[in-house]
Amino acid sequence: MTNDRLGGDARRENVRHLAADRLFHWIMALAVIVLGATSFLPIVGIKFEWVPVHWMAGVLLTLSVLFHLYRVFFVHGLKNMVPTADDIREFGRDIRGSDHRGLSEAKFDALQKGYHAAAATAVIAAIATGLLMLAKIDTTFWRRDPSILSDQTWGFVYVIHGASAMILLFLFFLHVYFAVLPEHRELLISMIRGKGPKFARKDPG
């Protein structure tokens, strides 16, 4: 992805991400980092009371996603993230190394939409199974009751939760890697300041 594809300096003053959406992004990032740390640090031998921190970070992630879904359905709409025929053509051209001449301009390109779909699936699976797992711990607000599911069903819950967590952490590191690439610097800045290129996919013609 080149700077020309992002629209260059001429588009830098557009507001790409509103303050509420940037807040969601960084809260979600913080929650994922805490969830990952509390999941895997005990495995490598770093012992601490990780369960309370883990489930509270999970609740924070859940609330942030609910806030994001409200923004999606009642503020922004789905149009920016729904795959189109041009996204399929763009993906094919990326594989062949062709340019994007003739494709419609879009706020998010095909790879960004694909990443978002994968991350959304992993997050929803992790949240759904994590909320079920809250029944297995005692807190100030409720008493544990693991009898709500059978042992076999709990096994499926744990497998899905663990697999979705691994996928989410992989996607997190992948996201960080691409975010710090020089050609994506404007997109990274836009998630901090709000202003950035209006289109991630721009017709070079």
# chains A, B, ... in the order shown; residues from 1 in each chain; ligands from 1
$ residues_around --residues "Gly130 of chain A" --least-positions-apart "6" --cutoff "10 Å" --atoms "only C-alpha atoms" --output "list of chain:residue names"
A:His54, A:Trp55, A:Gly58, A:Val59, A:Thr62, A:Ile124, A:Val157, A:Tyr158, A:Ile160, A:His161, A:Gly162
$ residues_around --residues "Arg22 of chain A" --least-positions-apart "5" --cutoff "8 Å" --atoms "only C-alpha atoms" --output "ChimeraX atom specification"
/A:17,191-192,194
